[in-house]
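See below for start_31.cif, which holds mmCIF, C-alpha atoms.
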```cif
data_input
#
loop_
_atom_site.label_atom_id
_atom_site.label_comp_id
_atom_site.auth_asym_id
_atom_site.auth_seq_id
_atom_site.Cartn_x
_atom_site.Cartn_y
_atom_site.Cartn_z
CA MET F 25 13.41 32.93 -30.48
CA SER F 26 15.05 34.15 -27.30
CA ALA F 27 18.79 34.38 -27.11
CA ALA F 28 20.70 31.98 -24.90
CA ALA F 29 24.25 31.90 -23.66
CA PRO F 30 26.44 29.25 -25.33
CA LEU F 31 26.50 25.93 -23.52
CA PRO F 32 29.83 24.86 -22.06
CA ALA F 33 31.82 22.11 -23.69
CA ALA F 34 30.50 18.58 -23.37
CA PRO F 35 31.77 16.57 -20.39
CA PRO F 36 34.93 14.55 -20.97
CA ALA F 37 34.82 10.90 -21.84
CA GLY F 38 34.42 8.54 -18.91
CA PRO F 39 36.65 5.56 -18.09
CA THR F 40 34.80 3.31 -20.55
CA GLY F 41 35.15 5.84 -23.37
CA ALA F 42 31.45 6.72 -23.49
CA LEU F 43 30.43 10.35 -23.09
CA THR F 44 28.78 11.17 -19.79
CA ALA F 45 25.07 11.88 -20.31
CA ASP F 46 24.45 15.62 -20.46
CA PRO F 47 20.76 16.34 -19.78
CA ARG F 48 21.19 19.86 -21.18
CA ARG F 49 21.76 18.38 -24.63
CA THR F 50 19.81 15.16 -24.86
CA PRO F 51 16.91 13.32 -23.22
CA VAL F 52 18.15 11.10 -20.38
CA LEU F 53 16.36 8.12 -18.83
CA THR F 54 17.77 7.38 -15.37
CA VAL F 55 17.03 4.06 -13.67
CA ASP F 56 17.58 4.12 -9.91
CA LEU F 57 18.29 0.58 -8.78
CA GLY F 58 18.25 1.82 -5.20
CA ALA F 59 14.49 2.28 -5.60
CA VAL F 60 14.20 -1.27 -6.94
CA ALA F 61 16.15 -2.48 -3.91
CA ARG F 62 13.84 -0.64 -1.51
CA ASN F 63 10.76 -2.02 -3.22
CA THR F 64 12.14 -5.55 -3.19
CA ARG F 65 12.93 -5.44 0.51
CA ALA F 66 9.57 -3.91 1.34
CA LEU F 67 7.67 -6.51 -0.67
CA ALA F 68 9.72 -9.34 0.81
CA ASP F 69 8.79 -8.04 4.25
CA ARG F 70 5.12 -7.92 3.29
CA ALA F 71 5.28 -11.48 1.89
CA GLY F 72 6.13 -12.79 5.34
CA THR F 73 7.19 -16.42 5.24
CA ALA F 74 6.46 -16.75 1.53
CA ALA F 75 9.46 -16.71 -0.79
CA LEU F 76 9.71 -13.82 -3.26
CA MET F 77 10.01 -14.44 -6.99
CA ALA F 78 11.17 -11.33 -8.83
CA VAL F 79 9.35 -11.15 -12.15
CA VAL F 80 11.59 -9.45 -14.71
CA LYS F 81 9.55 -10.00 -17.87
CA ALA F 82 9.37 -7.29 -20.55
CA ASP F 83 13.01 -6.36 -19.88
CA GLY F 84 12.32 -5.91 -16.19
CA PHE F 85 9.26 -3.72 -16.90
CA GLY F 86 11.49 -1.57 -19.08
CA LEU F 87 14.16 -1.03 -16.43
CA GLY F 88 16.64 -3.61 -17.74
CA ALA F 89 16.06 -7.25 -16.82
CA PRO F 90 19.63 -8.17 -15.77
CA ASP F 91 19.97 -5.08 -13.59
CA VAL F 92 16.60 -5.58 -11.93
CA ALA F 93 17.23 -9.30 -11.47
CA ARG F 94 20.59 -8.82 -9.78
CA THR F 95 19.25 -6.04 -7.57
CA ALA F 96 16.19 -8.02 -6.49
CA LEU F 97 18.25 -11.12 -5.72
CA ALA F 98 20.57 -9.03 -3.55
CA HIS F 99 17.68 -7.54 -1.57
CA GLY F 100 15.25 -10.30 -0.74
CA ALA F 101 14.20 -12.23 -3.84
CA THR F 102 15.26 -15.86 -4.12
CA ARG F 103 13.94 -16.72 -7.60
CA LEU F 104 13.27 -15.08 -10.93
CA GLY F 105 10.31 -15.32 -13.28
CA VAL F 106 9.74 -14.39 -16.92
CA THR F 107 7.14 -15.20 -19.52
CA SER F 108 9.06 -16.39 -22.58
CA LEU F 109 11.86 -18.88 -22.78
CA GLN F 110 13.92 -16.36 -24.75
CA GLU F 111 13.74 -13.96 -21.80
CA ALA F 112 15.01 -16.75 -19.56
CA LEU F 113 17.88 -17.63 -21.90
CA ASP F 114 18.87 -13.96 -22.12
CA LEU F 115 19.22 -13.87 -18.33
CA ARG F 116 21.41 -16.96 -18.42
CA THR F 117 23.53 -15.36 -21.14
CA ALA F 118 23.92 -12.36 -18.83
CA GLY F 119 25.48 -14.69 -16.27
CA ILE F 120 22.55 -14.94 -13.87
CA GLY F 121 22.32 -18.45 -12.43
CA ALA F 122 19.49 -18.06 -9.89
CA PRO F 123 16.45 -20.37 -10.02
CA LEU F 124 14.37 -19.20 -12.95
CA LEU F 125 10.86 -19.95 -14.24
CA SER F 126 9.43 -19.34 -17.73
CA TRP F 127 5.65 -19.73 -17.91
CA LEU F 128 4.32 -18.82 -21.35
CA ASN F 129 5.59 -20.81 -24.30
CA ALA F 130 4.28 -22.62 -27.36
CA VAL F 131 4.02 -26.39 -27.31
CA ASP F 132 6.93 -26.64 -29.75
CA ALA F 133 9.22 -24.26 -27.85
CA ASP F 134 12.92 -25.10 -27.58
CA TRP F 135 12.59 -27.26 -24.48
CA ASP F 136 16.08 -28.67 -25.07
CA ALA F 137 17.49 -25.18 -24.57
CA ALA F 138 15.39 -24.72 -21.44
CA LEU F 139 16.72 -27.93 -19.94
CA ALA F 140 20.31 -27.14 -20.90
CA ALA F 141 20.01 -23.72 -19.27
CA ASP F 142 18.50 -25.16 -16.08
CA VAL F 143 15.22 -23.25 -16.50
CA ASP F 144 12.00 -24.33 -14.80
CA VAL F 145 9.00 -24.30 -17.14
CA ALA F 146 5.28 -23.97 -16.58
CA VAL F 147 3.00 -26.61 -18.05
CA PRO F 148 -0.62 -25.64 -18.82
CA SER F 149 -1.67 -28.68 -20.88
CA ARG F 150 -1.13 -32.35 -21.64
CA ASP F 151 0.46 -31.37 -24.96
CA HIS F 152 3.01 -29.16 -23.21
CA LEU F 153 3.72 -31.92 -20.71
CA ALA F 154 4.33 -34.46 -23.47
CA ALA F 155 6.66 -32.11 -25.34
CA VAL F 156 8.73 -31.27 -22.28
CA ALA F 157 8.91 -34.91 -21.19
CA ALA F 158 10.08 -35.93 -24.66
CA ALA F 159 12.86 -33.35 -24.55
CA ALA F 160 13.86 -34.61 -21.11
CA ARG F 161 14.06 -38.20 -22.32
CA ALA F 162 16.09 -37.19 -25.36
CA THR F 163 18.60 -35.18 -23.34
CA GLY F 164 18.78 -37.43 -20.31
CA ARG F 165 17.76 -34.57 -18.02
CA THR F 166 14.90 -34.19 -15.56
CA ALA F 167 12.62 -31.24 -16.29
CA ARG F 168 11.39 -29.14 -13.37
CA LEU F 169 7.77 -28.23 -13.87
CA HIS F 170 5.25 -25.81 -12.41
CA LEU F 171 1.76 -27.00 -13.33
CA HIS F 172 -0.30 -23.95 -14.34
CA LEU F 173 -4.00 -23.81 -13.41
CA ASP F 174 -6.47 -21.28 -14.81
CA THR F 175 -8.19 -19.87 -11.72
CA GLY F 176 -10.51 -17.45 -13.47
CA LEU F 177 -8.94 -15.52 -16.36
CA ALA F 178 -9.70 -17.87 -19.27
CA ARG F 179 -6.25 -17.32 -20.74
CA ASP F 180 -3.08 -19.27 -19.87
CA GLY F 181 -3.29 -22.29 -17.58
CA ALA F 182 -5.18 -25.56 -17.67
CA GLU F 183 -8.95 -25.33 -17.61
CA PRO F 184 -10.31 -26.74 -14.33
CA PRO F 185 -12.01 -29.76 -16.05
CA ALA F 186 -8.64 -30.77 -17.55
CA TRP F 187 -6.65 -30.27 -14.36
CA ALA F 188 -7.00 -33.71 -12.76
CA ASP F 189 -5.95 -35.45 -15.98
CA LEU F 190 -2.91 -33.16 -16.27
CA CYS F 191 -1.91 -33.91 -12.68
CA ARG F 192 -2.20 -37.66 -13.18
CA ALA F 193 -0.17 -37.51 -16.37
CA ALA F 194 2.48 -35.41 -14.64
CA ARG F 195 2.70 -37.94 -11.84
CA ARG F 196 3.20 -40.77 -14.34
CA ALA F 197 6.00 -38.75 -15.96
CA GLU F 198 7.54 -38.23 -12.52
CA LEU F 199 7.54 -41.96 -11.89
CA ARG F 200 9.35 -42.45 -15.20
CA GLY F 201 11.99 -39.97 -14.05
CA THR F 202 11.58 -37.48 -16.89
CA VAL F 203 10.01 -34.65 -14.90
CA ARG F 204 9.69 -33.37 -11.36
CA VAL F 205 6.72 -31.21 -10.41
CA VAL F 206 8.17 -28.55 -8.11
CA GLY F 207 5.32 -26.04 -8.26
CA VAL F 208 1.68 -25.26 -8.88
CA MET F 209 0.77 -21.77 -10.06
CA GLY F 210 -2.26 -19.64 -10.85
CA HIS F 211 -3.19 -15.97 -11.18
CA LEU F 212 -5.99 -13.90 -9.69
CA ALA F 213 -8.29 -12.06 -12.07
CA ARG F 214 -9.06 -9.03 -9.89
CA ALA F 215 -6.39 -8.83 -7.20
CA ASP F 216 -6.22 -5.06 -7.75
CA GLU F 217 -9.76 -4.93 -6.35
CA PRO F 218 -9.22 -6.65 -2.98
CA GLY F 219 -12.90 -7.01 -2.07
CA ASP F 220 -14.10 -8.40 -5.37
CA PRO F 221 -15.76 -11.86 -5.07
CA ALA F 222 -13.71 -13.11 -8.03
CA ASN F 223 -10.66 -13.24 -5.77
CA ALA F 224 -12.34 -15.61 -3.31
CA ILE F 225 -13.38 -17.79 -6.25
CA GLY F 226 -9.83 -17.79 -7.60
CA ARG F 227 -8.37 -18.70 -4.21
CA ALA F 228 -10.86 -21.56 -3.84
CA ARG F 229 -10.09 -22.90 -7.31
CA PHE F 230 -6.39 -22.79 -6.57
CA ALA F 231 -6.85 -24.59 -3.24
CA ARG F 232 -8.86 -27.31 -4.99
CA GLY F 233 -6.21 -27.54 -7.67
CA VAL F 234 -3.48 -28.10 -5.09
CA SER F 235 -5.62 -30.77 -3.40
CA VAL F 236 -6.14 -32.53 -6.72
CA ALA F 237 -2.41 -32.45 -7.41
CA ARG F 238 -1.65 -33.96 -4.03
CA ALA F 239 -4.31 -36.63 -4.57
CA ALA F 240 -2.53 -37.58 -7.79
CA GLY F 241 0.66 -38.14 -5.78
CA LEU F 242 2.39 -34.85 -6.55
CA ARG F 243 4.16 -32.90 -3.83
CA PRO F 244 4.78 -29.40 -5.23
CA ARG F 245 6.86 -27.42 -2.77
CA LEU F 246 6.21 -24.09 -4.49
CA ARG F 247 2.60 -22.91 -4.58
CA HIS F 248 2.20 -19.43 -6.02
CA LEU F 249 -0.92 -17.43 -6.80
CA ALA F 250 -0.24 -13.86 -5.67
CA ALA F 251 1.33 -11.17 -7.83
CA THR F 252 2.10 -7.63 -6.60
CA ALA F 253 -1.41 -6.51 -5.63
CA ALA F 254 -2.30 -9.73 -3.80
CA THR F 255 1.08 -9.77 -2.09
CA LEU F 256 0.30 -6.36 -0.65
CA VAL F 257 -3.34 -6.80 0.36
CA ASP F 258 -4.36 -10.48 0.35
CA PRO F 259 -2.48 -12.68 2.84
CA ALA F 260 -4.68 -15.68 2.02
CA SER F 261 -3.25 -15.83 -1.50
CA ARG F 262 0.46 -15.80 -0.61
CA HIS F 263 0.97 -19.56 -0.08
CA THR F 264 4.66 -20.58 -0.20
CA MET F 265 5.79 -18.04 -2.81
CA VAL F 266 4.66 -14.76 -4.37
CA ARG F 267 5.50 -13.35 -7.81
CA VAL F 268 6.27 -9.64 -7.85
CA GLY F 269 7.09 -7.67 -10.98
CA ALA F 270 5.20 -4.38 -11.16
CA GLY F 271 5.98 -3.70 -7.50
CA LEU F 272 9.71 -3.83 -8.13
CA ALA F 273 9.19 -1.04 -10.65
CA GLY F 274 7.22 1.05 -8.16
CA ILE F 275 3.70 0.14 -9.34
CA ASP F 276 1.04 -0.99 -6.87
CA PRO F 277 -2.03 -2.05 -8.87
CA SER F 278 -4.12 -2.15 -5.68
CA GLY F 279 -3.50 1.55 -5.03
CA THR F 280 -2.94 0.90 -1.32
CA THR F 281 0.81 1.31 -0.93
CA THR F 282 3.38 3.92 -1.90
CA LEU F 283 6.41 2.32 -3.52
CA ALA F 284 9.59 3.98 -4.74
CA ASP F 285 9.64 5.31 -8.32
CA PRO F 286 12.83 4.11 -10.03
CA VAL F 287 12.59 6.08 -13.29
CA THR F 288 13.38 9.68 -14.20
CA LEU F 289 13.09 10.95 -17.76
CA THR F 290 14.45 14.44 -18.47
CA ALA F 291 14.61 16.44 -21.67
CA PRO F 292 16.34 19.73 -22.52
CA VAL F 293 14.62 22.79 -23.82
CA VAL F 294 15.88 23.12 -27.41
CA SER F 295 14.11 26.33 -28.37
CA VAL F 296 11.90 29.06 -26.95
CA ARG F 297 9.64 31.36 -28.98
CA ARG F 298 7.06 34.09 -28.55
CA VAL F 299 3.85 33.62 -30.51
CA PRO F 300 0.96 36.04 -31.05
CA ALA F 301 -2.63 35.40 -30.07
CA GLY F 302 -4.39 33.03 -32.42
CA THR F 303 -1.33 30.84 -33.11
CA PRO F 304 -2.24 27.11 -33.39
CA VAL F 305 0.22 24.56 -32.02
CA GLY F 306 0.98 21.10 -33.37
CA TYR F 307 -0.77 18.76 -35.77
CA GLY F 308 -4.42 19.62 -36.23
CA GLY F 309 -4.15 22.86 -34.28
CA THR F 310 -5.87 21.31 -31.27
CA TRP F 311 -4.58 24.15 -29.05
CA THR F 312 -4.50 27.80 -30.00
CA ALA F 313 -2.90 30.62 -28.04
CA ALA F 314 -5.67 32.85 -26.70
CA ARG F 315 -3.16 35.66 -26.21
CA ALA F 316 0.54 36.19 -26.84
CA ARG F 317 2.47 33.32 -25.22
CA ARG F 318 5.98 31.98 -24.76
CA LEU F 319 6.41 28.37 -25.91
CA ALA F 320 9.27 25.93 -25.32
CA LEU F 321 10.14 22.82 -27.31
CA LEU F 322 11.34 19.49 -25.86
CA PRO F 323 12.84 16.74 -28.07
CA VAL F 324 10.74 13.84 -26.76
CA GLY F 325 7.47 12.35 -27.94
CA TYR F 326 5.50 9.19 -28.41
CA ALA F 327 8.48 7.39 -29.96
CA ASP F 328 10.11 7.85 -26.55
CA GLY F 329 7.09 6.41 -24.75
CA LEU F 330 4.96 9.48 -24.02
CA PRO F 331 1.38 8.38 -24.68
CA ARG F 332 -0.22 10.48 -27.41
CA LEU F 333 -3.50 9.98 -25.56
CA ALA F 334 -2.15 12.36 -22.89
CA SER F 335 -2.18 15.26 -25.35
CA GLY F 336 -4.00 18.22 -23.86
CA THR F 337 -3.67 17.09 -20.24
CA ALA F 338 -0.01 16.17 -19.60
CA GLU F 339 2.49 18.39 -17.81
CA VAL F 340 6.23 18.47 -17.12
CA LEU F 341 8.25 19.94 -14.28
CA LEU F 342 10.41 22.91 -15.26
CA ARG F 343 12.15 25.27 -12.85
CA GLY F 344 10.08 23.82 -10.02
CA ARG F 345 6.76 24.54 -11.75
CA ARG F 346 4.26 22.28 -13.47
CA VAL F 347 4.08 23.39 -17.10
CA PRO F 348 1.39 22.10 -19.49
CA ILE F 349 2.13 20.34 -22.76
CA VAL F 350 0.01 22.02 -25.42
CA GLY F 351 -1.06 20.67 -28.79
CA ARG F 352 -0.70 17.06 -29.74
CA ILE F 353 2.24 15.00 -28.57
CA SER F 354 4.29 14.31 -31.71
CA MET F 355 6.57 11.39 -32.46
CA ASP F 356 9.65 13.14 -31.12
CA GLN F 357 8.67 16.55 -29.75
CA VAL F 358 6.29 18.32 -27.41
CA VAL F 359 5.53 22.00 -26.92
CA LEU F 360 5.24 23.63 -23.50
CA ASP F 361 3.18 26.69 -22.64
CA LEU F 362 5.43 28.93 -20.52
CA GLY F 363 2.68 31.47 -19.98
CA PRO F 364 1.83 34.96 -21.24
CA ALA F 365 4.55 36.68 -23.21
CA GLU F 366 4.73 39.49 -20.66
CA THR F 367 4.85 37.17 -17.64
CA THR F 368 7.47 37.45 -14.92
CA GLY F 369 8.81 34.81 -12.55
CA PRO F 370 10.86 31.59 -12.93
CA LEU F 371 9.40 30.65 -16.33
CA ALA F 372 10.00 34.08 -17.85
CA THR F 373 13.69 33.34 -18.45
CA VAL F 374 13.48 29.70 -19.56
CA ALA F 375 16.07 29.21 -22.30
CA PRO F 376 17.63 26.43 -24.37
CA GLY F 377 19.64 24.12 -22.14
CA ASP F 378 17.16 24.24 -19.26
CA VAL F 379 16.16 20.73 -18.23
CA ALA F 380 12.56 19.61 -17.79
CA THR F 381 11.57 16.53 -15.80
CA VAL F 382 9.11 14.64 -17.96
CA ILE F 383 8.76 11.68 -15.59
CA GLY F 384 10.25 11.43 -12.12
CA PRO F 385 9.62 10.69 -8.45
CA ALA F 386 9.02 14.39 -7.75
CA GLY F 387 6.44 14.42 -10.54
CA PRO F 388 5.01 14.04 -13.01
CA THR F 389 5.08 10.36 -12.13
CA VAL F 390 4.40 7.28 -14.21
CA ALA F 391 1.04 7.17 -12.42
CA ASP F 392 0.32 10.74 -13.54
CA TRP F 393 0.98 9.85 -17.18
CA ALA F 394 -1.21 6.77 -16.84
CA HIS F 395 -4.03 8.92 -15.48
CA TRP F 396 -3.66 11.53 -18.22
CA SER F 397 -3.73 8.91 -20.96
CA GLY F 398 -6.22 6.43 -19.54
CA LEU F 399 -3.58 3.69 -19.59
CA LEU F 400 -2.09 1.39 -16.97
CA PRO F 401 1.16 2.51 -15.34
CA HIS F 402 2.57 -0.77 -16.66
CA GLU F 403 1.89 0.40 -20.24
CA VAL F 404 3.59 3.74 -19.68
CA LEU F 405 6.65 2.23 -18.01
CA THR F 406 7.20 -0.60 -20.49
CA GLY F 407 6.60 1.78 -23.38
CA LEU F 408 9.50 4.10 -22.61
CA GLY F 409 11.66 4.07 -25.70
CA THR F 410 15.30 3.30 -26.29
CA ARG F 411 16.26 6.68 -27.76
CA PRO F 412 17.00 8.58 -24.54
CA THR F 413 20.49 8.13 -23.17
CA ARG F 414 20.17 5.63 -20.33
CA VAL F 415 21.91 6.08 -17.00
CA VAL F 416 21.74 3.34 -14.36
CA ARG F 417 22.34 4.28 -10.75
CA PRO F 418 23.51 1.23 -8.78
CA ALA F 419 21.78 0.04 -5.66
CA PRO F 420 23.56 0.23 -2.31
CA PRO F 421 25.89 -2.71 -1.77
CA THR F 422 24.00 -3.90 1.30
CA PRO F 423 20.29 -4.65 1.73
CA VAL F 424 18.05 -1.66 2.15
CA LEU F 425 15.62 -2.35 4.99
CA ARG F 426 12.23 -0.71 5.00
CA SER F 427 8.86 -1.96 6.17
CA LEU F 428 5.66 -1.09 4.40
CA PRO F 429 2.95 0.58 6.46
#
```
Could you write out this structure as structure tokens?
Amino acid sequence: MSAAAPLPAAPPAGPTGALTADPRRTPVLTVDLGAVARNTRALADRAGTAALMAVVKADGFGLGAPDVARTALAHGATRLGVTSLQEALDLRTAGIGAPLLSWLNAVDADWDAALAADVDVAVPSRDHLAAVAAAARATGRTARLHLHLDTGLARDGAEPPAWADLCRAARRAELRGTVRVVGVMGHLARADEPGDPANAIGRARFARGVSVARAAGLRPRLRHLAATAATLVDPASRHTMVRVGAGLAGIDPSGTTTLADPVTLTAPVVSVRRVPAGTPVGYGGTWTAARARRLALLPVGYADGLPRLASGTAEVLLRGRRVPIVGRISMDQVVLDLGPAETTGPLATVAPGDVATVIGPAGPTVADWAHWSGLLPHEVLTGLGTRPTRVVRPAPPTPVLRSLP
């Protein structure tokens, strides 16, 4: 193992008593809320006259739901959306009082808690409607509902044959004063493929669903079908509101628009060694040094969110160079190939304490890791673990204006 100069003393404690993150000693995950702000403003601009709902499910796509919610609301979003009721209640506990929708819950969910926390809920069935209405009667509150129509995914949402009956029942509940239908929602099956005929079918089903709701006497002010991809490329699907989640986190499923990457994951080199030709690396010896090489070790792995499927193809950025990960990605470590043992140049003097960028805007990006592993960027981003020290960079205090091309 090569010798390295001793590292200086750790930084002093900050004003809250916590040690400042030192990337030379530990993996650090930095979340740049300024990037979230830029993405929010850009997507709000693209949405035009449609309101922007910031979707902060799955802990804000792994970025921290309260932080993403507050940032989005300060930079163009007017509402928040989550899947589960627990996610909604957690936002309320965090002190966030903005209009908030939860759209995926069991029939016997804690509707009393939803009503008490002033949370809108989606209703995909007569059974859900009856349960929410009963909770409203028992608590003396009026539930705000978004009727959910399945427009082509065969998952959540009312099946089209059941839609008219659901709308009529919702209208009867409105007349009794237990509920108020404020929205109708759906989701496109293939919005990331703008020209696919399924999108036209989904838009037509949604339009018919809105017409049926109006024929039943409902007047939903919020009509929302578009998520990130459709917001960016399909104006016909925007209606009065769009729901954007992945886009806030820098992901464009349509592949048409460059958004800001808000995440950087770094890891320190903890050891460097010279190995002779024929040395296998990692479990199973899937990579063997063809000649004498220098190898470096990073203390991150699949427990930190690096997909094991990227073994053999993934790279990191070290001293301005792309360096391959060799051997299998382990639970908490990866090995880098620094090149031939006799090499010269920037990588020849890599030593413990040097910092590698594992994920970052300058690369490798979340999209790179998704490509290497055959996963969605969403899977990579939401899979980043909790072990790295997390640093959150605040967004600018005033809106960041930027228009998408």
*asked:* Residue by residue, what does the PyMOL selection byres ((chain F and resi 343-348) around 9) grab here? Present the result as a ChimeraX atom specification.
replied: /F:336-342,349-350,359-363,370-371,374,378-380,387-388
Please enumerate the residues selected by the PyMOL selection byres ((chain F and resi 63-75) around 7) when evaluated against the supplied file, formatted as a compact mmCIF listing (two decimals) with C-alpha atoms, in the frame of the given file.
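See selection29.txt below for the written result:
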```txt
# COMPACT_ATOMS: atom_id res chain seq x y z
CA ALA F 59 14.49 2.28 -5.60
CA VAL F 60 14.20 -1.27 -6.94
CA ALA F 61 16.15 -2.48 -3.91
CA ARG F 62 13.84 -0.64 -1.51
CA LEU F 76 9.71 -13.82 -3.26
CA MET F 77 10.01 -14.44 -6.99
CA ALA F 96 16.19 -8.02 -6.49
CA HIS F 99 17.68 -7.54 -1.57
CA GLY F 100 15.25 -10.30 -0.74
CA THR F 102 15.26 -15.86 -4.12
CA THR F 255 1.08 -9.77 -2.09
CA LEU F 256 0.30 -6.36 -0.65
CA ARG F 262 0.46 -15.80 -0.61
CA HIS F 263 0.97 -19.56 -0.08
CA THR F 264 4.66 -20.58 -0.20
CA MET F 265 5.79 -18.04 -2.81
CA VAL F 266 4.66 -14.76 -4.37
CA GLY F 271 5.98 -3.70 -7.50
CA LEU F 272 9.71 -3.83 -8.13
CA GLY F 274 7.22 1.05 -8.16
CA LEU F 283 6.41 2.32 -3.52
CA ALA F 284 9.59 3.98 -4.74
CA VAL F 424 18.05 -1.66 2.15
CA LEU F 425 15.62 -2.35 4.99
CA ARG F 426 12.23 -0.71 5.00
CA SER F 427 8.86 -1.96 6.17
CA LEU F 428 5.66 -1.09 4.40
```
Spatial neighbours of Val287 of chain F, 8 Å, only C-alpha atoms, chain gap at least 5 places, as a compact mmCIF listing (two decimals) with C-alpha atoms, in the frame of the given file:
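Once written, part32.txt looks like this:
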```txt
# COMPACT_ATOMS: atom_id res chain seq x y z
CA LEU F 53 16.36 8.12 -18.83
CA THR F 54 17.77 7.38 -15.37
CA VAL F 55 17.03 4.06 -13.67
CA ASP F 56 17.58 4.12 -9.91
CA LEU F 87 14.16 -1.03 -16.43
CA ILE F 383 8.76 11.68 -15.59
CA GLY F 384 10.25 11.43 -12.12
CA PRO F 385 9.62 10.69 -8.45
```
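Taking only C-alpha atoms, the non-local environment of Arg196 of chain F within 12 Å (same-chain residues fewer than 2 positions away omitted) comprises Arg150, Leu153, Ala154, Ala157, Asp189, Leu190, Cys191, Arg192, Ala193, Ala194, Glu198, Leu199, Arg200, Gly201, Thr202, Val203, Arg204, Val205, Ala240, Gly241 and Leu242 of chain F.
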*asked:* For Ala313 of chain F, find every residue with an atom within 7 Å (counting all atoms listed in the file), except residues of its own chain fewer than 2 positions away, and show them as a ChimeraX atom specification.
replied: /F:301-304,311,315-317
*In file coordinates, which residues lie within 7 Å of (8.8, 39.5, -25.0) using all atoms listed in the file, given as a count of residues only?*
3
*Take the PyMOL selection byres ((chain F and resi 147) around 8), apply it to the structure above, and return the hits as a PyMOL selection string.*
chain F and resi 127+145-146+148-150+152-153+169-172+181
_Need the shell around Pro331 of chain F: protein/DNA/RNA residues with any atom at most 9 Å away, counting all atoms listed in the file. Skip same-chain ones fewer than 6 positions apart. Format as number ranges by chain?_
F: 325, 353, 393-394, 396-397, 399, 404, 407
*atom CA of Val324 of chain F to atom CA of Lys81 of chain F, distance in Å rounded to a single decimal*: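 Separation of atom CA of Val324 of chain F and atom CA of Lys81 of chain F: 25.5 Å.
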*Near Pro421 of chain F, counting all atoms listed in the file, which residues have an atom at most 12 Å away, once you skip same-chain residues fewer than 5 positions from it, shown as a list of chain:residue names?*
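So, after excluding close chain neighbours, the residues are F:Leu57, F:Gly58, F:Ala61, F:Arg94, F:Thr95, F:Ala98, F:His99.
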Could you write out the selected residues, including C-alpha atoms, as a compact mmCIF listing (two decimals), keeping the file's coordinate frame?
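Saved result, result-v5.txt, follows:
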```txt
# COMPACT_ATOMS: atom_id res chain seq x y z
CA LEU F 57 18.29 0.58 -8.78
CA GLY F 58 18.25 1.82 -5.20
CA ALA F 61 16.15 -2.48 -3.91
CA ARG F 94 20.59 -8.82 -9.78
CA THR F 95 19.25 -6.04 -7.57
CA ALA F 98 20.57 -9.03 -3.55
CA HIS F 99 17.68 -7.54 -1.57
```
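Between atom CA of Val92 of chain F and atom CA of Val80 of chain F there is a distance of 6.9 Å.
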*Choose the residue, out of F:Asp91, F:Leu330, F:Asp144, F:Val208, that has the smallest atom-to-atom separation from Asp174 of chain F; count only C-alpha atoms.*
F:Val208
*Choose the residue, out of F:Leu177, F:His248, F:Ala391, F:Thr312, that has the smallest atom-to-atom separation from Thr282 of chain F; count all atoms listed in the file.*
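Smallest distance to Thr282 of chain F is found for F:Ala391.
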*Grab the atom CA of Gly207 of chain F to atom CA of Thr281 of chain F distance for me, in Å with one decimal place.*
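Distance between the two atoms: 28.7 Å.
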